[in-house]
>>> print(open('protein31.cif').read())   # mmCIF, C-alpha atoms
data_coords
#
loop_
_atom_site.label_atom_id
_atom_site.label_comp_id
_atom_site.auth_asym_id
_atom_site.auth_seq_id
_atom_site.Cartn_x
_atom_site.Cartn_y
_atom_site.Cartn_z
CA MET A 214 14.20 -9.05 -0.56
CA ASP A 215 10.62 -10.17 0.10
CA LEU A 216 7.83 -9.98 -2.47
CA SER A 217 4.20 -9.39 -1.51
CA LEU A 218 0.98 -8.63 -3.40
CA PHE A 219 -0.80 -5.27 -3.26
CA PHE A 220 -4.34 -4.48 -4.45
CA PHE A 221 -5.71 -1.05 -5.40
CA ALA A 222 -8.09 -1.55 -8.34
CA ASP A 223 -9.60 1.15 -10.53
CA THR A 224 -13.12 -0.26 -10.67
CA ALA A 225 -14.18 2.00 -13.55
CA ALA A 226 -11.52 0.52 -15.83
CA ASP A 227 -11.10 -2.87 -14.16
CA SER A 228 -11.64 -5.75 -16.55
CA SER A 229 -10.85 -8.38 -13.94
CA ALA A 230 -14.51 -8.99 -13.09
CA ASP A 231 -15.29 -9.65 -16.77
CA GLY A 232 -18.88 -8.57 -16.28
CA ASP A 233 -19.65 -11.34 -13.79
CA GLY A 234 -19.97 -8.98 -10.84
CA ASP A 235 -17.21 -10.72 -8.92
CA LEU A 236 -14.99 -7.78 -8.01
CA TYR A 237 -12.99 -9.79 -5.50
CA ARG A 238 -12.18 -12.98 -7.38
CA LEU A 239 -8.75 -11.73 -8.44
CA LEU A 240 -7.95 -10.70 -4.86
CA MET A 241 -9.04 -14.03 -3.37
CA GLU A 242 -7.38 -16.28 -5.95
CA SER A 243 -4.16 -14.26 -5.88
CA ALA A 244 -4.11 -14.41 -2.09
CA ARG A 245 -4.46 -18.20 -2.17
CA PHE A 246 -1.58 -18.34 -4.63
CA ALA A 247 0.57 -16.07 -2.47
CA ASP A 248 -0.23 -18.20 0.57
CA THR A 249 1.03 -21.40 -1.01
CA HIS A 250 4.02 -19.98 -2.88
CA GLY A 251 6.07 -18.17 -0.26
CA PHE A 252 5.01 -14.57 -0.78
CA ARG A 253 5.38 -12.40 2.30
CA ALA A 254 2.04 -10.58 2.52
CA VAL A 255 -1.15 -9.42 0.86
CA TRP A 256 -1.99 -5.70 1.22
CA THR A 257 -5.39 -4.05 0.70
CA PRO A 258 -6.01 -0.29 0.99
CA GLU A 259 -8.64 2.13 2.27
CA ARG A 260 -10.27 4.32 -0.38
CA HIS A 261 -13.59 6.16 -0.48
CA PHE A 262 -16.02 7.74 -2.94
CA HIS A 263 -14.11 7.19 -6.17
CA SER A 264 -13.63 4.37 -8.68
CA PHE A 265 -9.87 4.66 -8.07
CA GLY A 266 -9.50 2.08 -5.30
CA GLY A 267 -13.16 2.37 -4.36
CA GLN A 268 -13.80 -1.37 -4.04
CA TYR A 269 -11.64 -1.26 -0.90
CA PRO A 270 -13.40 1.09 1.55
CA ASN A 271 -12.35 -0.88 4.63
CA PRO A 272 -9.18 -3.03 4.67
CA SER A 273 -10.22 -4.84 7.84
CA LEU A 274 -13.19 -6.33 5.94
CA THR A 275 -11.04 -7.62 3.09
CA ALA A 276 -8.42 -8.74 5.60
CA ALA A 277 -11.01 -10.82 7.47
CA ALA A 278 -12.02 -12.47 4.20
CA LEU A 279 -8.39 -13.19 3.35
CA ALA A 280 -7.79 -14.65 6.80
CA ALA A 281 -10.47 -17.23 6.11
CA VAL A 282 -8.87 -18.55 2.91
CA THR A 283 -5.14 -18.41 3.80
CA GLU A 284 -2.88 -19.99 6.40
CA ARG A 285 0.62 -18.49 6.11
CA VAL A 286 0.79 -15.17 4.30
CA ALA A 287 0.73 -11.93 6.32
CA ILE A 288 -2.45 -9.86 5.95
CA ARG A 289 -1.87 -6.11 5.97
CA ALA A 290 -3.66 -2.82 5.55
CA GLY A 291 -2.06 -0.58 3.01
CA SER A 292 -3.43 1.63 4.54
CA VAL A 293 -5.79 2.54 7.38
CA VAL A 294 -6.50 6.28 7.13
CA ALA A 295 -6.28 6.84 10.86
CA PRO A 296 -7.92 10.30 11.15
CA LEU A 297 -11.14 8.87 9.66
CA HIS A 298 -11.62 6.41 12.56
CA HIS A 299 -11.68 6.20 16.33
CA PRO A 300 -8.43 4.47 17.39
CA VAL A 301 -10.31 1.95 19.54
CA ARG A 302 -12.27 0.88 16.48
CA ILE A 303 -9.03 0.39 14.52
CA ALA A 304 -7.57 -1.73 17.33
CA GLU A 305 -10.75 -3.80 17.72
CA GLU A 306 -11.13 -4.60 14.03
CA TRP A 307 -7.51 -5.55 13.52
CA SER A 308 -7.45 -7.63 16.69
CA VAL A 309 -10.31 -9.63 15.17
CA VAL A 310 -8.24 -10.03 11.98
CA ASP A 311 -5.25 -11.10 14.06
CA ASN A 312 -7.35 -13.77 15.76
CA LEU A 313 -8.97 -14.98 12.56
CA SER A 314 -5.55 -15.27 10.90
CA GLY A 315 -3.69 -16.78 13.85
CA GLY A 316 -1.44 -13.76 14.30
CA ARG A 317 -0.79 -12.52 10.75
CA ALA A 318 -2.22 -8.98 10.88
CA GLY A 319 -0.25 -5.81 10.14
CA VAL A 320 -1.28 -2.20 9.56
CA SER A 321 0.20 0.69 7.65
CA PHE A 322 -1.25 3.95 8.94
CA ALA A 323 -1.90 6.94 6.67
CA SER A 324 -2.84 10.52 7.49
CA GLY A 325 -5.03 10.84 4.38
CA TRP A 326 -4.80 13.66 1.86
CA HIS A 327 -7.99 13.87 -0.21
CA GLU A 328 -10.37 16.39 1.30
CA GLY A 329 -13.41 14.49 0.04
CA ASP A 330 -12.60 11.47 2.20
CA PHE A 331 -12.91 13.58 5.33
CA LEU A 332 -16.66 13.95 5.17
CA LEU A 333 -16.38 10.88 7.43
CA GLN A 334 -14.52 13.01 10.01
CA PRO A 335 -14.51 16.63 8.75
CA GLY A 336 -13.05 18.05 11.94
CA ASN A 337 -9.87 15.96 11.60
CA TYR A 338 -8.71 17.20 8.19
CA LYS A 339 -6.48 20.13 9.15
CA ASP A 340 -4.58 18.30 11.91
CA ARG A 341 -4.57 14.90 10.22
CA LYS A 342 -0.84 14.14 10.53
CA ASN A 343 -0.77 14.74 14.28
CA ILE A 344 -3.99 12.76 14.71
CA MET A 345 -2.42 9.87 12.81
CA VAL A 346 0.67 9.87 15.03
CA GLU A 347 -1.47 9.91 18.17
CA ALA A 348 -3.65 7.10 16.81
CA VAL A 349 -0.61 4.90 16.14
CA GLY A 350 0.49 5.21 19.76
CA THR A 351 -3.01 4.59 21.11
CA VAL A 352 -3.55 1.48 18.97
CA GLN A 353 -0.15 0.10 20.01
CA ARG A 354 -0.88 0.62 23.72
CA LEU A 355 -4.28 -1.04 23.43
CA TRP A 356 -2.74 -3.90 21.46
CA ARG A 357 -0.24 -4.55 24.26
CA GLY A 358 -3.08 -4.83 26.77
CA GLU A 359 -2.71 -1.37 28.31
CA GLU A 360 -5.62 0.91 29.10
CA ALA A 361 -6.38 4.06 27.11
CA GLU A 362 -8.50 6.97 28.26
CA PHE A 363 -11.12 8.82 26.20
CA ASP A 364 -13.84 11.42 26.65
CA GLY A 365 -17.20 9.99 27.71
CA PRO A 366 -20.52 10.87 26.04
CA GLU A 367 -21.72 13.02 28.95
CA GLY A 368 -18.47 14.47 30.18
CA GLY A 369 -15.75 12.88 32.22
CA ARG A 370 -13.21 10.33 31.04
CA ARG A 371 -13.44 6.59 30.57
CA ARG A 372 -10.63 4.02 30.49
CA VAL A 373 -10.92 1.02 28.18
CA ARG A 374 -8.97 -2.11 27.25
CA LEU A 375 -8.97 -3.98 23.97
CA PHE A 376 -11.23 -6.97 23.37
CA PRO A 377 -10.70 -9.44 21.88
CA ARG A 378 -7.06 -9.73 22.87
CA PRO A 379 -4.85 -10.11 19.77
CA VAL A 380 -2.60 -13.07 19.11
CA GLN A 381 0.56 -11.06 18.43
CA ALA A 382 2.13 -9.27 21.37
CA GLU A 383 3.01 -6.34 19.11
CA LEU A 384 1.16 -5.10 16.03
CA PRO A 385 3.46 -4.77 12.99
CA VAL A 386 3.14 -1.12 11.96
CA TRP A 387 4.13 0.94 8.91
CA ILE A 388 3.56 4.57 7.96
CA THR A 389 2.36 5.29 4.43
CA ALA A 390 4.31 8.02 2.64
CA ALA A 391 3.79 9.40 -0.86
CA GLY A 392 7.19 11.10 -0.93
CA SER A 393 7.21 13.74 1.79
CA PRO A 394 10.49 13.60 3.78
CA GLN A 395 8.45 14.53 6.86
CA SER A 396 6.44 11.30 6.61
CA PHE A 397 9.63 9.23 6.31
CA ARG A 398 11.03 11.02 9.36
CA ILE A 399 7.82 10.39 11.34
CA ALA A 400 7.99 6.67 10.54
CA GLY A 401 11.59 6.47 11.74
CA THR A 402 10.83 8.37 14.93
CA LEU A 403 7.91 6.06 15.69
CA GLY A 404 10.01 2.97 15.04
CA ALA A 405 7.55 1.90 12.35
CA GLY A 406 8.21 0.59 8.87
CA ILE A 407 7.58 2.71 5.79
CA LEU A 408 5.22 1.94 2.89
CA THR A 409 5.80 4.07 -0.18
CA HIS A 410 5.62 4.12 -3.99
CA GLN A 411 7.36 5.67 -6.97
CA LEU A 412 4.47 7.43 -8.70
CA GLY A 413 6.03 10.76 -7.73
CA GLN A 414 9.49 9.73 -6.53
CA ALA A 415 12.45 9.23 -8.81
CA ASP A 416 15.21 6.93 -7.59
CA ASP A 417 17.32 9.75 -6.15
CA ALA A 418 14.39 11.16 -4.15
CA LEU A 419 13.44 7.71 -2.88
CA GLU A 420 17.01 7.01 -1.84
CA ARG A 421 17.20 10.32 0.05
CA ASN A 422 13.90 9.62 1.78
CA ILE A 423 15.00 6.13 2.82
CA ALA A 424 18.18 7.68 4.26
CA THR A 425 16.03 10.19 6.18
CA TYR A 426 13.94 7.32 7.53
CA ARG A 427 16.99 5.30 8.62
CA GLU A 428 18.58 8.33 10.29
CA ALA A 429 15.44 9.13 12.31
CA LEU A 430 15.08 5.45 13.23
CA ALA A 431 18.67 5.26 14.50
CA GLU A 432 18.42 8.54 16.43
CA GLU A 433 15.29 7.47 18.28
CA HIS A 434 15.70 3.68 18.56
CA GLY A 435 19.43 2.99 18.22
CA ALA A 436 21.73 2.02 15.39
CA ASP A 437 20.62 -1.62 15.52
CA ALA A 438 16.94 -0.85 14.90
CA PRO A 439 16.19 -2.81 11.72
CA GLY A 440 13.37 -0.79 10.18
CA HIS A 441 11.45 -2.03 7.15
CA VAL A 442 11.00 -0.27 3.79
CA VAL A 443 8.20 -1.53 1.54
CA LEU A 444 7.92 -0.15 -2.00
CA MET A 445 4.71 -0.58 -3.98
CA LEU A 446 5.32 -1.18 -7.70
CA HIS A 447 2.87 -1.85 -10.53
CA THR A 448 3.76 -5.36 -11.66
CA LEU A 449 3.32 -7.81 -14.51
CA ILE A 450 5.95 -10.47 -15.20
CA GLY A 451 5.85 -12.78 -18.23
CA GLU A 452 7.94 -14.41 -20.93
CA ASP A 453 8.21 -11.52 -23.40
CA ARG A 454 8.87 -7.89 -22.43
CA ALA A 455 7.37 -6.44 -25.62
CA ARG A 456 4.14 -8.41 -25.11
CA ILE A 457 3.98 -7.27 -21.49
CA ARG A 458 4.34 -3.65 -22.61
CA ASP A 459 1.48 -4.06 -25.09
CA MET A 460 -0.69 -5.73 -22.45
CA VAL A 461 -0.23 -3.06 -19.79
CA ARG A 462 -0.25 0.10 -21.92
CA GLU A 463 -4.01 0.66 -22.09
CA PRO A 464 -4.99 -0.45 -18.56
CA LEU A 465 -2.04 1.26 -16.90
CA THR A 466 -2.72 4.51 -18.78
CA GLY A 467 -6.36 4.29 -17.70
CA TYR A 468 -5.24 3.69 -14.13
CA LEU A 469 -3.01 6.75 -14.28
CA ARG A 470 -5.86 8.79 -15.78
CA SER A 471 -8.13 7.87 -12.84
CA SER A 472 -5.36 8.84 -10.44
CA MET A 473 -4.95 12.17 -12.21
CA GLU A 474 -8.70 12.80 -12.06
CA LEU A 475 -8.73 12.03 -8.34
CA ILE A 476 -5.91 14.50 -7.73
CA ALA A 477 -7.62 17.15 -9.88
CA ALA A 478 -10.80 16.73 -7.84
CA SER A 479 -8.99 17.56 -4.62
CA PRO A 480 -8.57 21.23 -3.70
CA ALA A 481 -5.53 20.21 -1.67
CA ALA A 482 -3.68 17.87 -4.00
CA PRO A 483 -0.36 16.76 -2.42
CA GLY A 484 2.67 18.50 -3.81
CA ALA A 485 0.57 20.68 -6.10
CA ASP A 486 2.54 23.88 -5.37
CA GLY A 487 0.03 25.95 -7.27
CA PHE A 488 -0.12 23.60 -10.26
CA ASP A 489 -3.78 23.14 -11.20
CA LEU A 490 -4.55 20.02 -13.24
CA ASN A 491 -7.99 21.40 -14.03
CA ARG A 492 -6.38 24.08 -16.19
CA VAL A 493 -4.35 21.60 -18.24
CA SER A 494 -5.70 20.95 -21.75
CA ALA A 495 -6.89 17.47 -22.72
CA GLN A 496 -4.01 17.20 -25.21
CA ASP A 497 -1.44 18.10 -22.56
CA LYS A 498 -2.98 15.65 -20.12
CA GLU A 499 -2.62 12.86 -22.67
CA PHE A 500 1.01 13.84 -23.20
CA MET A 501 1.59 13.75 -19.44
CA LEU A 502 -0.04 10.32 -19.24
CA SER A 503 2.14 9.02 -22.06
CA ARG A 504 5.29 10.25 -20.32
CA GLN A 505 4.16 8.82 -17.00
CA PHE A 506 3.44 5.45 -18.61
CA ASP A 507 6.91 5.35 -20.17
CA ARG A 508 8.49 6.20 -16.83
CA LEU A 509 6.49 3.58 -14.92
CA PHE A 510 7.20 0.86 -17.44
CA THR A 511 10.91 1.52 -17.84
CA SER A 512 12.06 2.62 -14.38
CA ALA A 513 9.29 2.78 -11.76
CA GLY A 514 7.50 -0.55 -12.12
CA LEU A 515 8.16 -4.28 -12.13
CA PHE A 516 7.49 -5.24 -15.73
CA GLY A 517 8.92 -7.64 -18.29
CA THR A 518 10.64 -10.98 -17.83
CA VAL A 519 12.02 -12.63 -14.73
CA GLU A 520 15.48 -11.40 -15.74
CA ASP A 521 14.13 -7.85 -15.99
CA GLY A 522 12.67 -8.29 -12.52
CA VAL A 523 15.99 -9.47 -11.10
CA GLU A 524 17.60 -6.22 -12.27
CA VAL A 525 14.85 -4.16 -10.62
CA VAL A 526 15.23 -6.06 -7.36
CA ARG A 527 19.00 -5.63 -7.41
CA ARG A 528 18.68 -1.86 -7.95
CA LEU A 529 16.08 -1.37 -5.22
CA ALA A 530 17.87 -3.58 -2.70
CA ALA A 531 20.98 -1.41 -3.12
CA MET A 532 18.80 1.63 -2.28
CA GLY A 533 17.62 0.07 0.98
CA VAL A 534 14.24 -1.41 -0.01
CA ASP A 535 13.35 -4.52 2.02
CA GLU A 536 10.13 -5.61 0.33
CA ILE A 537 8.39 -5.01 -2.99
CA ALA A 538 4.59 -4.90 -2.78
CA CYS A 539 3.55 -5.95 -6.27
CA LEU A 540 0.41 -4.10 -7.39
CA VAL A 541 -1.15 -6.49 -9.89
CA ASP A 542 -4.77 -5.32 -10.25
CA PHE A 543 -4.58 -2.21 -12.42
CA GLY A 544 -6.90 -3.38 -15.18
CA VAL A 545 -5.07 -6.16 -17.02
CA ASP A 546 -7.38 -9.10 -17.83
CA ARG A 547 -7.88 -11.20 -14.73
CA GLU A 548 -6.86 -14.50 -16.31
CA GLU A 549 -3.68 -12.91 -17.66
CA VAL A 550 -2.83 -11.62 -14.18
CA LEU A 551 -3.48 -14.99 -12.56
CA GLY A 552 -1.36 -16.72 -15.18
CA SER A 553 1.46 -14.21 -14.66
CA LEU A 554 1.71 -15.06 -10.96
CA HIS A 555 3.73 -18.18 -11.81
CA HIS A 556 6.35 -15.96 -13.47
CA LEU A 557 6.29 -13.63 -10.48
CA ASP A 558 6.82 -16.66 -8.26
CA SER A 559 9.85 -17.60 -10.36
CA LEU A 560 11.24 -14.14 -9.64
CA ARG A 561 10.47 -14.58 -5.93
CA ALA A 562 12.34 -17.91 -5.95
CA ARG A 563 15.33 -16.37 -7.73
CA VAL A 564 15.48 -13.59 -5.19
CA ALA A 565 15.08 -15.99 -2.25
CA ALA A 566 17.89 -18.15 -3.61
CA GLY A 567 20.16 -15.13 -3.87
CA SER A 568 20.75 -15.67 -7.57
CA GLY A 569 19.65 -12.16 -8.44
CA GLY A 570 23.01 -10.73 -7.55
CA PRO A 571 24.39 -8.78 -4.59
CA GLY A 572 21.84 -7.49 -2.14
CA THR A 573 18.96 -9.65 -3.38
CA GLU A 574 19.14 -12.44 -0.84
CA ALA A 575 16.01 -12.82 1.28
#
>>> encode(input="protein31.cif", output="structure tokens")
Amino acid sequence: MDLSLFFFADTAADSSADGDGDLYRLLMESARFADTHGFRAVWTPERHFHSFGGQYPNPSLTAAALAAVTERVAIRAGSVVAPLHHPVRIAEEWSVVDNLSGGRAGVSFASGWHEGDFLLQPGNYKDRKNIMVEAVGTVQRLWRGEEAEFDGPEGGRRRVRLFPRPVQAELPVWITAAGSPQSFRIAGTLGAGILTHQLGQADDALERNIATYREALAEEHGADAPGHVVLMLHTLIGEDRARIRDMVREPLTGYLRSSMELIAASPAAPGADGFDLNRVSAQDKEFMLSRQFDRLFTSAGLFGTVEDGVEVVRRLAAMGVDEIACLVDFGVDREEVLGSLHHLDSLRARVAAGSGGPGTEA
């Protein structure tokens, strides 16, 4: 099991900048730590027009910055919202990252879900999943050095190749899935990895979705196709579980509140099924947040001591997870997060050594 770092800050509640205006210090220092301590990757997302993740509007920009201060760790988008961009632009930007990093770039593609984001490409909202799938294929062909054809500005078609040429012969690709079995199936069919989370997936649903992914992968690419399942988990590892719980309660609840507000602001919230958060009373919302915090801390996050972490890794490895992307920037004090990375590294070393029990070997 690999461990990587994932960033998706709530800038409205984020205390990591400590008023000094340096929104990216935690990202940069954590990436340097990951680079020198054997972590697999650093992921940054694409978010727009909201404090929830809003300091990351373009992962290729943060990836380029990370490439300049690291030497070993993989640098990945988690995710590029493909329907918001021309596929040539995606390929160009990430080829630059691949060159700057010496061949360490990787991209998880997302279809997007929040209607507000699509003011960047309003015509792509309704068919966003199909557009994403088409973009993945186009970017991969360009990456391999093949030509792709597009409409010209005054009619006709124009064929283009990718410049600069990337370092890697193939771009490592994942599909981002919130919990829809269809998205897991699409990833398997494409032969891509899967990037997911447990905010709305209990263990049984996640296990079923991973099975769906593996089945589609085998059907399309053969039984030996390895696949790659990455699970994002909110993370803070330390010496005392009770202290960790006290430290994360307020910032994690605030993070969840921002997420809830973002969903409520979308007229097409995923999985809403007619449930309207805007009609829920403030008291009921606080109750929901309390329940969600308890669930995340006890069974859908990576919290507590190294020993607690070993148990989480063992459970997830048995379910078919290959990598845990540790989301560390959800509002805990920056210095506390940076100090906790040494404990997270101890967990990484335990897992790499195979001492976490069956299924935890790297």
>>> atom_distance(input="protein31.cif", atom1="CA of Thr511 in chain A", atom2="CA of Glu536 in chain A")
19.5 Å
>>> resolve_selection(input="protein31.cif", expression="the PyMOL selection byres ((chain A and resi 382) around 10)", output="ChimeraX atom specification")
/A:316,353,356-358,378-381,383-385
>>> atom_distance(input="protein31.cif", atom1="CA of Asn343 in chain A", atom2="CA of Arg398 in chain A")
13.3 Å
>>> closest_residue(input="protein31.cif", among="A:Arg260, A:Ala287, A:Thr402, A:Val301", to="Glu360 in chain A", atoms="all atoms listed in the file")
A:Val301
>>> residues_around(input="protein31.cif", residues="Glu259 in chain A", least_positions_apart="4", cutoff="9 Å", atoms="all atoms listed in the file", output="JSON, numbers by chain")
{"A": [221, 266, 267, 268, 269, 270, 271, 272, 290, 291, 292, 293, 294]}
>>> residues_around(input="protein31.cif", residues="Val349 in chain A", least_positions_apart="4", cutoff="9 Å", atoms="all atoms listed in the file", output="PyMOL selection string")
chain A and resi 295+300+322+344-345+353-354+386+403
>>> resolve_selection(input="protein31.cif", expression="the PyMOL selection byres ((chain A and resi 409-422) around 7)", output="MDAnalysis selection string")
chainID A and resid 389:392 394 397 407:408 423:426 443:446 513 532
>>> atom_distance(input="protein31.cif", atom1="CA of Gly544 in chain A", atom2="CA of Ala278 in chain A")
22.0 Å
>>> residues_around(input="protein31.cif", residues="Asp330 in chain A", least_positions_apart="3", cutoff="9 Å", atoms="only C-alpha atoms", output="PyMOL selection string")
chain A and resi 260-262+297+325-327+333-335
>>> residues_around(input="protein31.cif", residues="Asp459 in chain A", least_positions_apart="2", cutoff="12 Å", atoms="all atoms listed in the file", output="ChimeraX atom specification")
/A:449,451,453-457,461-466,506-507,510,516-517,545
>>> residues_near_point(input="protein31.cif", point="(-2.8, -20.0, 10.8)", cutoff="7 Å", atoms="all atoms listed in the file", output="ChimeraX atom specification")
/A:284-285,314-315
>>> resolve_selection(input="protein31.cif", expression="the PyMOL selection byres ((chain A and resi 450) around 10)", output="MDAnalysis selection string")
chainID A and resid 448:449 451:454 457 515:522 541 550 552:560
>>> decode(input="protein31.cif", residues="range 391-412 of chain A", atoms="N, CA and C atoms", output="compact mmCIF listing (two decimals), in the first residue's frame")
# COMPACT_ATOMS: atom_id res chain seq x y z
N ALA A 391 -17.06 9.92 -7.30
CA ALA A 391 -17.58 10.22 -5.97
C ALA A 391 -18.30 9.03 -5.35
N GLY A 392 -18.67 8.05 -6.15
CA GLY A 392 -19.38 6.90 -5.64
C GLY A 392 -20.33 6.28 -6.64
N SER A 393 -20.46 6.88 -7.82
CA SER A 393 -21.33 6.34 -8.85
C SER A 393 -20.72 5.09 -9.47
N PRO A 394 -21.42 3.95 -9.45
CA PRO A 394 -20.88 2.74 -10.09
C PRO A 394 -20.53 2.97 -11.56
N GLN A 395 -21.28 3.86 -12.23
CA GLN A 395 -21.00 4.14 -13.63
C GLN A 395 -19.60 4.70 -13.82
N SER A 396 -19.17 5.58 -12.91
CA SER A 396 -17.83 6.17 -13.03
C SER A 396 -16.75 5.12 -12.81
N PHE A 397 -16.97 4.19 -11.88
CA PHE A 397 -16.02 3.10 -11.66
C PHE A 397 -15.95 2.20 -12.90
N ARG A 398 -17.09 1.96 -13.51
CA ARG A 398 -17.13 1.13 -14.72
C ARG A 398 -16.40 1.83 -15.86
N ILE A 399 -16.60 3.14 -16.01
CA ILE A 399 -15.93 3.90 -17.06
C ILE A 399 -14.41 3.81 -16.89
N ALA A 400 -13.94 3.97 -15.66
CA ALA A 400 -12.50 3.89 -15.41
C ALA A 400 -11.94 2.54 -15.82
N GLY A 401 -12.64 1.47 -15.46
CA GLY A 401 -12.18 0.13 -15.83
C GLY A 401 -12.15 -0.06 -17.33
N THR A 402 -13.20 0.39 -18.00
CA THR A 402 -13.27 0.26 -19.46
C THR A 402 -12.14 1.01 -20.14
N LEU A 403 -11.81 2.18 -19.61
CA LEU A 403 -10.73 2.98 -20.20
C LEU A 403 -9.34 2.44 -19.86
N GLY A 404 -9.26 1.53 -18.90
CA GLY A 404 -7.96 1.05 -18.46
C GLY A 404 -7.24 2.04 -17.57
N ALA A 405 -7.99 2.98 -17.00
CA ALA A 405 -7.43 3.99 -16.11
C ALA A 405 -7.48 3.52 -14.67
N GLY A 406 -6.79 4.24 -13.79
CA GLY A 406 -6.97 4.02 -12.37
C GLY A 406 -8.24 4.72 -11.90
N ILE A 407 -8.54 4.58 -10.61
CA ILE A 407 -9.71 5.23 -10.04
C ILE A 407 -9.27 6.03 -8.82
N LEU A 408 -9.75 7.26 -8.71
CA LEU A 408 -9.52 8.12 -7.54
C LEU A 408 -10.87 8.38 -6.91
N THR A 409 -11.02 8.00 -5.65
CA THR A 409 -12.32 8.14 -5.00
C THR A 409 -12.13 8.53 -3.54
N HIS A 410 -13.25 8.66 -2.82
CA HIS A 410 -13.23 9.06 -1.41
C HIS A 410 -14.38 8.37 -0.69
N GLN A 411 -14.44 8.57 0.62
CA GLN A 411 -15.49 7.92 1.41
C GLN A 411 -16.45 8.91 2.05
N LEU A 412 -16.53 10.13 1.53
CA LEU A 412 -17.47 11.08 2.10
C LEU A 412 -18.91 10.59 1.96
